[in-house]
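Structure file my_file34.pdb (PDB, C-alpha atoms) is printed below.
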```
ATOM      1  CA  MET A  42     -24.062  16.236 -10.634  1.00  0.00           C
ATOM      2  CA  LYS A  43     -27.171  17.764  -9.253  1.00  0.00           C
ATOM      3  CA  ARG A  44     -26.760  19.839  -6.149  1.00  0.00           C
ATOM      4  CA  SER A  45     -29.480  17.945  -4.269  1.00  0.00           C
ATOM      5  CA  PHE A  46     -27.780  14.591  -4.958  1.00  0.00           C
ATOM      6  CA  ILE A  47     -24.467  15.923  -3.616  1.00  0.00           C
ATOM      7  CA  ILE A  48     -26.211  17.214  -0.490  1.00  0.00           C
ATOM      8  CA  LEU A  49     -27.811  13.780  -0.100  1.00  0.00           C
ATOM      9  CA  LEU A  50     -24.375  12.113  -0.337  1.00  0.00           C
ATOM     10  CA  GLN A  51     -22.959  14.537   2.229  1.00  0.00           C
ATOM     11  CA  SER A  52     -25.909  13.742   4.487  1.00  0.00           C
ATOM     12  CA  PHE A  53     -25.167  10.027   4.165  1.00  0.00           C
ATOM     13  CA  ILE A  54     -21.542  10.673   5.134  1.00  0.00           C
ATOM     14  CA  LEU A  55     -22.653  12.605   8.220  1.00  0.00           C
ATOM     15  CA  ILE A  56     -25.171   9.954   9.258  1.00  0.00           C
ATOM     16  CA  PHE A  57     -22.650   7.168   8.690  1.00  0.00           C
ATOM     17  CA  GLY A  58     -20.048   9.022  10.768  1.00  0.00           C
ATOM     18  CA  LEU A  59     -22.530   9.559  13.594  1.00  0.00           C
ATOM     19  CA  LEU A  60     -23.503   5.876  13.540  1.00  0.00           C
ATOM     20  CA  ILE A  61     -19.861   4.828  13.763  1.00  0.00           C
ATOM     21  CA  ILE A  62     -19.189   7.240  16.645  1.00  0.00           C
ATOM     22  CA  THR A  63     -22.244   5.882  18.448  1.00  0.00           C
ATOM     23  CA  ALA A  64     -21.035   2.314  17.916  1.00  0.00           C
ATOM     24  CA  LEU A  65     -17.536   3.192  19.137  1.00  0.00           C
ATOM     25  CA  ILE A  66     -18.952   4.631  22.336  1.00  0.00           C
ATOM     26  CA  ARG A  67     -21.746   2.137  22.971  1.00  0.00           C
ATOM     27  CA  LEU A  68     -20.388  -1.262  21.921  1.00  0.00           C
ATOM     28  CA  PRO A  69     -17.492  -1.481  24.399  1.00  0.00           C
ATOM     29  CA  LEU A  70     -19.989  -1.105  27.225  1.00  0.00           C
ATOM     30  CA  SER A  71     -21.958  -4.204  26.309  1.00  0.00           C
ATOM     31  CA  GLU A  72     -20.017  -6.472  23.965  1.00  0.00           C
ATOM     32  CA  GLY A  73     -16.937  -8.601  23.829  1.00  0.00           C
ATOM     33  CA  ARG A  74     -13.950  -8.624  26.060  1.00  0.00           C
ATOM     34  CA  ALA A  75     -14.970  -5.637  28.188  1.00  0.00           C
ATOM     35  CA  ALA A  76     -18.560  -6.663  28.928  1.00  0.00           C
ATOM     36  CA  HIS A  77     -17.860  -7.334  32.616  1.00  0.00           C
ATOM     37  CA  LEU A  78     -15.435  -4.500  33.343  1.00  0.00           C
ATOM     38  CA  ASP A  79     -16.139  -1.226  35.072  1.00  0.00           C
ATOM     39  CA  LEU A  80     -16.244   2.025  33.095  1.00  0.00           C
ATOM     40  CA  PHE A  81     -12.599   2.993  33.702  1.00  0.00           C
ATOM     41  CA  HIS A  82     -11.206  -0.408  32.748  1.00  0.00           C
ATOM     42  CA  ILE A  83     -13.370  -0.585  29.639  1.00  0.00           C
ATOM     43  CA  TYR A  84     -11.824   2.531  28.151  1.00  0.00           C
ATOM     44  CA  ALA A  85      -8.344   1.687  29.467  1.00  0.00           C
ATOM     45  CA  ASP A  86      -8.335  -1.659  27.643  1.00  0.00           C
ATOM     46  CA  PRO A  87      -5.469  -1.630  25.105  1.00  0.00           C
ATOM     47  CA  PHE A  88      -7.508  -3.266  22.345  1.00  0.00           C
ATOM     48  CA  ILE A  89     -10.335  -0.751  22.706  1.00  0.00           C
ATOM     49  CA  LEU A  90      -7.826   2.107  22.712  1.00  0.00           C
ATOM     50  CA  TYR A  91      -6.328   0.603  19.543  1.00  0.00           C
ATOM     51  CA  GLY A  92      -9.798   0.625  17.994  1.00  0.00           C
ATOM     52  CA  TYR A  93     -10.144   4.318  18.803  1.00  0.00           C
ATOM     53  CA  LEU A  94      -6.686   4.978  17.359  1.00  0.00           C
ATOM     54  CA  ALA A  95      -7.624   3.119  14.177  1.00  0.00           C
ATOM     55  CA  SER A  96     -10.804   5.168  13.862  1.00  0.00           C
ATOM     56  CA  ILE A  97      -8.863   8.440  13.531  1.00  0.00           C
ATOM     57  CA  PRO A  98      -7.786   7.903   9.895  1.00  0.00           C
ATOM     58  CA  PHE A  99     -11.289   6.590   9.157  1.00  0.00           C
ATOM     59  CA  PHE A 100     -12.904   9.831  10.320  1.00  0.00           C
ATOM     60  CA  ILE A 101     -10.275  11.961   8.596  1.00  0.00           C
ATOM     61  CA  GLY A 102     -11.042  10.065   5.387  1.00  0.00           C
ATOM     62  CA  LEU A 103     -14.786  10.619   5.857  1.00  0.00           C
ATOM     63  CA  TYR A 104     -14.143  14.320   6.325  1.00  0.00           C
ATOM     64  CA  GLN A 105     -12.023  14.442   3.165  1.00  0.00           C
ATOM     65  CA  GLY A 106     -14.804  12.729   1.218  1.00  0.00           C
ATOM     66  CA  PHE A 107     -17.231  15.305   2.609  1.00  0.00           C
ATOM     67  CA  LYS A 108     -14.867  18.081   1.456  1.00  0.00           C
ATOM     68  CA  ILE A 109     -14.557  16.597  -2.044  1.00  0.00           C
ATOM     69  CA  LEU A 110     -18.333  16.547  -2.349  1.00  0.00           C
ATOM     70  CA  GLY A 111     -18.386  20.154  -1.139  1.00  0.00           C
ATOM     71  CA  TYR A 112     -15.903  21.153  -3.848  1.00  0.00           C
ATOM     72  CA  THR A 113     -18.090  19.346  -6.379  1.00  0.00           C
ATOM     73  CA  ARG A 114     -21.159  21.211  -5.174  1.00  0.00           C
ATOM     74  CA  GLN A 115     -19.284  24.527  -5.519  1.00  0.00           C
ATOM     75  CA  HIS A 116     -18.097  23.555  -9.030  1.00  0.00           C
ATOM     76  CA  LYS A 117     -14.471  23.513  -7.823  1.00  0.00           C
ATOM     77  CA  LEU A 118     -13.801  19.821  -8.341  1.00  0.00           C
ATOM     78  CA  PHE A 119     -10.966  20.467 -10.773  1.00  0.00           C
ATOM     79  CA  SER A 120      -8.795  22.328  -8.282  1.00  0.00           C
ATOM     80  CA  PHE A 121      -5.684  21.617  -6.295  1.00  0.00           C
ATOM     81  CA  ASN A 122      -7.750  21.627  -3.085  1.00  0.00           C
ATOM     82  CA  SER A 123      -9.846  18.693  -4.255  1.00  0.00           C
ATOM     83  CA  LEU A 124      -6.718  16.888  -5.469  1.00  0.00           C
ATOM     84  CA  SER A 125      -5.123  17.403  -2.051  1.00  0.00           C
ATOM     85  CA  ALA A 126      -8.242  16.137  -0.268  1.00  0.00           C
ATOM     86  CA  LEU A 127      -8.256  13.083  -2.530  1.00  0.00           C
ATOM     87  CA  LYS A 128      -4.609  12.331  -1.707  1.00  0.00           C
ATOM     88  CA  ILE A 129      -5.313  12.598   2.026  1.00  0.00           C
ATOM     89  CA  LEU A 130      -8.347  10.322   1.626  1.00  0.00           C
ATOM     90  CA  LYS A 131      -6.182   7.750  -0.150  1.00  0.00           C
ATOM     91  CA  TYR A 132      -3.498   7.833   2.553  1.00  0.00           C
ATOM     92  CA  CYS A 133      -6.130   7.537   5.284  1.00  0.00           C
ATOM     93  CA  ALA A 134      -7.604   4.468   3.596  1.00  0.00           C
ATOM     94  CA  VAL A 135      -4.138   2.868   3.386  1.00  0.00           C
ATOM     95  CA  ILE A 136      -3.384   3.601   7.045  1.00  0.00           C
ATOM     96  CA  PHE A 137      -6.813   2.372   8.134  1.00  0.00           C
ATOM     97  CA  GLY A 138      -6.379  -0.856   6.194  1.00  0.00           C
ATOM     98  CA  ILE A 139      -2.971  -1.466   7.760  1.00  0.00           C
ATOM     99  CA  LEU A 140      -4.328  -0.829  11.251  1.00  0.00           C
ATOM    100  CA  ILE A 141      -7.217  -3.235  10.640  1.00  0.00           C
ATOM    101  CA  ILE A 142      -4.782  -5.908   9.441  1.00  0.00           C
ATOM    102  CA  GLY A 143      -2.797  -5.315  12.647  1.00  0.00           C
ATOM    103  CA  ALA A 144      -5.910  -5.811  14.759  1.00  0.00           C
ATOM    104  CA  GLY A 145      -6.764  -9.005  12.904  1.00  0.00           C
ATOM    105  CA  LEU A 146      -3.259 -10.369  13.376  1.00  0.00           C
ATOM    106  CA  PHE A 147      -3.383  -9.503  17.069  1.00  0.00           C
ATOM    107  CA  ILE A 148      -6.630 -11.422  17.500  1.00  0.00           C
ATOM    108  CA  ILE A 149      -5.329 -14.396  15.502  1.00  0.00           C
ATOM    109  CA  LEU A 150      -2.146 -14.622  17.557  1.00  0.00           C
ATOM    110  CA  PHE A 151      -3.390 -13.762  21.041  1.00  0.00           C
ATOM    111  CA  HIS A 152      -7.054 -14.742  21.259  1.00  0.00           C
ATOM    112  CA  SER A 153      -8.246 -16.911  24.105  1.00  0.00           C
ATOM    113  CA  LYS A 154      -8.565 -20.569  23.172  1.00  0.00           C
ATOM    114  CA  GLU A 155     -12.201 -20.509  24.351  1.00  0.00           C
ATOM    115  CA  ASP A 156     -13.091 -17.682  21.964  1.00  0.00           C
ATOM    116  CA  ASP A 157     -13.873 -18.099  18.290  1.00  0.00           C
ATOM    117  CA  PRO A 158     -12.327 -15.172  16.385  1.00  0.00           C
ATOM    118  CA  ALA A 159     -13.981 -16.056  13.055  1.00  0.00           C
ATOM    119  CA  GLY A 160     -16.519 -13.218  13.136  1.00  0.00           C
ATOM    120  CA  PHE A 161     -13.929 -10.597  13.983  1.00  0.00           C
ATOM    121  CA  ILE A 162     -11.531 -11.924  11.351  1.00  0.00           C
ATOM    122  CA  ALA A 163     -14.333 -11.834   8.764  1.00  0.00           C
ATOM    123  CA  LEU A 164     -15.005  -8.186   9.654  1.00  0.00           C
ATOM    124  CA  CYS A 165     -11.277  -7.449   9.353  1.00  0.00           C
ATOM    125  CA  ILE A 166     -11.158  -9.045   5.906  1.00  0.00           C
ATOM    126  CA  LEU A 167     -14.267  -7.166   4.761  1.00  0.00           C
ATOM    127  CA  THR A 168     -12.958  -3.859   6.080  1.00  0.00           C
ATOM    128  CA  THR A 169      -9.526  -4.396   4.543  1.00  0.00           C
ATOM    129  CA  PHE A 170     -11.036  -5.143   1.135  1.00  0.00           C
ATOM    130  CA  SER A 171     -13.221  -2.058   1.486  1.00  0.00           C
ATOM    131  CA  SER A 172     -10.103   0.003   2.172  1.00  0.00           C
ATOM    132  CA  ILE A 173      -8.401  -1.507  -0.877  1.00  0.00           C
ATOM    133  CA  ILE A 174     -11.405  -0.548  -3.013  1.00  0.00           C
ATOM    134  CA  VAL A 175     -11.354   3.010  -1.658  1.00  0.00           C
ATOM    135  CA  VAL A 176      -7.613   3.305  -2.344  1.00  0.00           C
ATOM    136  CA  THR A 177      -8.013   1.967  -5.879  1.00  0.00           C
ATOM    137  CA  VAL A 178     -10.918   4.245  -6.757  1.00  0.00           C
ATOM    138  CA  ALA A 179      -9.186   7.251  -5.179  1.00  0.00           C
ATOM    139  CA  ARG A 180      -6.002   6.507  -7.106  1.00  0.00           C
ATOM    140  CA  LEU A 181      -7.845   6.240 -10.430  1.00  0.00           C
ATOM    141  CA  PHE A 182      -9.838   9.393  -9.723  1.00  0.00           C
ATOM    142  CA  GLN A 183      -6.656  11.175  -8.622  1.00  0.00           C
ATOM    143  CA  ARG A 184      -4.958  10.365 -11.935  1.00  0.00           C
ATOM    144  CA  LYS A 185      -7.914  11.583 -13.954  1.00  0.00           C
ATOM    145  CA  LEU A 186      -8.241  14.701 -11.831  1.00  0.00           C
ATOM    146  CA  GLN A 187      -4.512  15.431 -12.155  1.00  0.00           C
ATOM    147  CA  LYS A 188      -4.715  15.082 -15.951  1.00  0.00           C
ATOM    148  CA  ALA A 189      -7.737  17.383 -16.052  1.00  0.00           C
ATOM    149  CA  ILE A 190      -5.998  19.997 -13.896  1.00  0.00           C
ATOM    150  CA  ASP A 191      -2.833  19.780 -16.006  1.00  0.00           C
ATOM    151  CA  HIS A 192      -4.900  20.075 -19.185  1.00  0.00           C
ATOM    152  CA  LYS A 193      -6.801  23.038 -17.714  1.00  0.00           C
ATOM    153  CA  ASN A 194      -3.523  24.803 -16.800  1.00  0.00           C
ATOM    154  CA  ASP A 195      -2.148  24.303 -20.307  1.00  0.00           C
ATOM    155  CA  PHE A 196      -4.736  26.709 -21.697  1.00  0.00           C
TER     156      PHE A 196
END
```
Output the file's structure as structure tokens, nothing else.
Amino acid sequence: MKRSFIILLQSFILIFGLLIITALIRLPLSEGRAAHLDLFHIYADPFILYGYLASIPFFIGLYQGFKILGYTRQHKLFSFNSLSALKILKYCAVIFGILIIGAGLFIILFHSKEDDPAGFIALCILTTFSSIIVVTVARLFQRKLQKAIDHKNDF
């Protein structure tokens, strides 16, 4: 891969991460269940705290993807460091998917009868399928990378 394309991908990861952080900070102030709460009660809301907890594996996974691209840029893709980063990325995607399913189940079971949870459930389904795709691609790439590293060590 060309170095400039890898830098572009790393830039997209950084911009995407910054957009998500901005949304995590800004949206609870104006949307949803905490729209009419004061600042302390907004960030003390259990569901919002759960959202912040669920974002931790997401950001760890983004960082691991950034590291994998960095190893690619340095021509060290076929190393144990990149394999380790890929494994961590896969585990983060699994954990994130499970946490999103938990949030969706919580909303399905405990939403107010006046609220329509369809939009949130649709986002949960979309995010869960995205996590499944990331896990699948990471698993396939991990197998190929492991074979390449094993083949490289045989010589």
* Asked: Counting only C-alpha atoms, which of A:Phe46, A:Tyr93, A:Phe81, A:Phe170 gets nearest to A:Ile142?
  -> A:Phe170
* **Point (-16.3, -7.3, 14.3) neighbourhood (12 Å, all atoms listed in the file) written as a list in words** => Ala64, Leu65, Leu68, Pro69, Glu72, Gly73, Gly92, Ile141, Ala144, Gly145, Ile148, Asp157, Pro158, Ala159, Gly160, Phe161, Ile162, Ala163, Leu164, Cys165, Ile166, Leu167 and Thr168 of chain A
* Asked: Can you list, as a PyMOL selection string, the residues that the PyMOL selection byres ((chain A and resi 135) around 12) selects here?
  -> chain A and resi 95+98-99+102+128-134+136-142+168-177+179-180
Output C-alpha atoms of each residue in that selection to a file, as a tab-separated table (two decimals), in the coordinates of the input.
```
chain	number	residue	atom	x	y	z
A	95	ALA	CA	-7.62	3.12	14.18
A	98	PRO	CA	-7.79	7.90	9.90
A	99	PHE	CA	-11.29	6.59	9.16
A	102	GLY	CA	-11.04	10.06	5.39
A	128	LYS	CA	-4.61	12.33	-1.71
A	129	ILE	CA	-5.31	12.60	2.03
A	130	LEU	CA	-8.35	10.32	1.63
A	131	LYS	CA	-6.18	7.75	-0.15
A	132	TYR	CA	-3.50	7.83	2.55
A	133	CYS	CA	-6.13	7.54	5.28
A	134	ALA	CA	-7.60	4.47	3.60
A	136	ILE	CA	-3.38	3.60	7.04
A	137	PHE	CA	-6.81	2.37	8.13
A	138	GLY	CA	-6.38	-0.86	6.19
A	139	ILE	CA	-2.97	-1.47	7.76
A	140	LEU	CA	-4.33	-0.83	11.25
A	141	ILE	CA	-7.22	-3.24	10.64
A	142	ILE	CA	-4.78	-5.91	9.44
A	168	THR	CA	-12.96	-3.86	6.08
A	169	THR	CA	-9.53	-4.40	4.54
A	170	PHE	CA	-11.04	-5.14	1.14
A	171	SER	CA	-13.22	-2.06	1.49
A	172	SER	CA	-10.10	0.00	2.17
A	173	ILE	CA	-8.40	-1.51	-0.88
A	174	ILE	CA	-11.40	-0.55	-3.01
A	175	VAL	CA	-11.35	3.01	-1.66
A	176	VAL	CA	-7.61	3.30	-2.34
A	177	THR	CA	-8.01	1.97	-5.88
A	179	ALA	CA	-9.19	7.25	-5.18
A	180	ARG	CA	-6.00	6.51	-7.11
```
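Comparing the minimum interatomic distances between A:Ile109 and each of A:Ile47, A:Lys154, A:Leu60, A:Lys193, counting only C-alpha atoms, we find that A:Ile47 sits nearest.
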* Asked: Between A:Leu127, A:Val178, A:Arg44, A:Thr63, which one has atoms that come closest to A:Leu103, using all atoms listed in the file?
  -> A:Leu127
* Asked: Suppose you want the space between atom CA of A:Gln187 and atom CA of A:Thr113; what is it in Å?
  ->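 Computing the Euclidean distance for atom CA of A:Gln187 and atom CA of A:Thr113 yields 15.3 Å.
Pairwise distance (atom CA of A:Asn122, atom CA of A:Phe182) equals 14.1 Å.
Separating atom CA of A:Ile48 from atom CA of A:Leu94 is a distance of 29.1 Å.
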* Can you pull out every residue within 12 Å of A:Lys188, counting only C-alpha atoms, but drop anything in the same chain fewer than 6 positions away, and send it as a ChimeraX atom specification? => /A:119-121,124,181-182,194-195
* Asked: Counting all atoms listed in the file, what is within 9 Å of stretch 54-56 of chain A, bar same-chain residues fewer than 6 positions away, as a PyMOL selection string?
  -> chain A and resi 103-104+106-107
Export, as a PDB file, keeping the file's coordinate frame, the selected residues with C-alpha atoms.
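Result written to out22.pdb:
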```pdb
ATOM      1  CA  LEU A 103     -14.786  10.619   5.857  1.00  0.00           C
ATOM      2  CA  TYR A 104     -14.143  14.320   6.325  1.00  0.00           C
ATOM      3  CA  GLY A 106     -14.804  12.729   1.218  1.00  0.00           C
ATOM      4  CA  PHE A 107     -17.231  15.305   2.609  1.00  0.00           C
TER       5      PHE A 107
END
```
* **Best match for closeness to A:Leu118 among A:Ser52, A:Ser153, A:Ser96, A:Gln183, counting all atoms listed in the file** => A:Gln183
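Minimum distance to A:Tyr84 across A:Leu110, A:Ile66, A:Lys117, A:Ile97 (counting only C-alpha atoms) occurs at A:Ile66.
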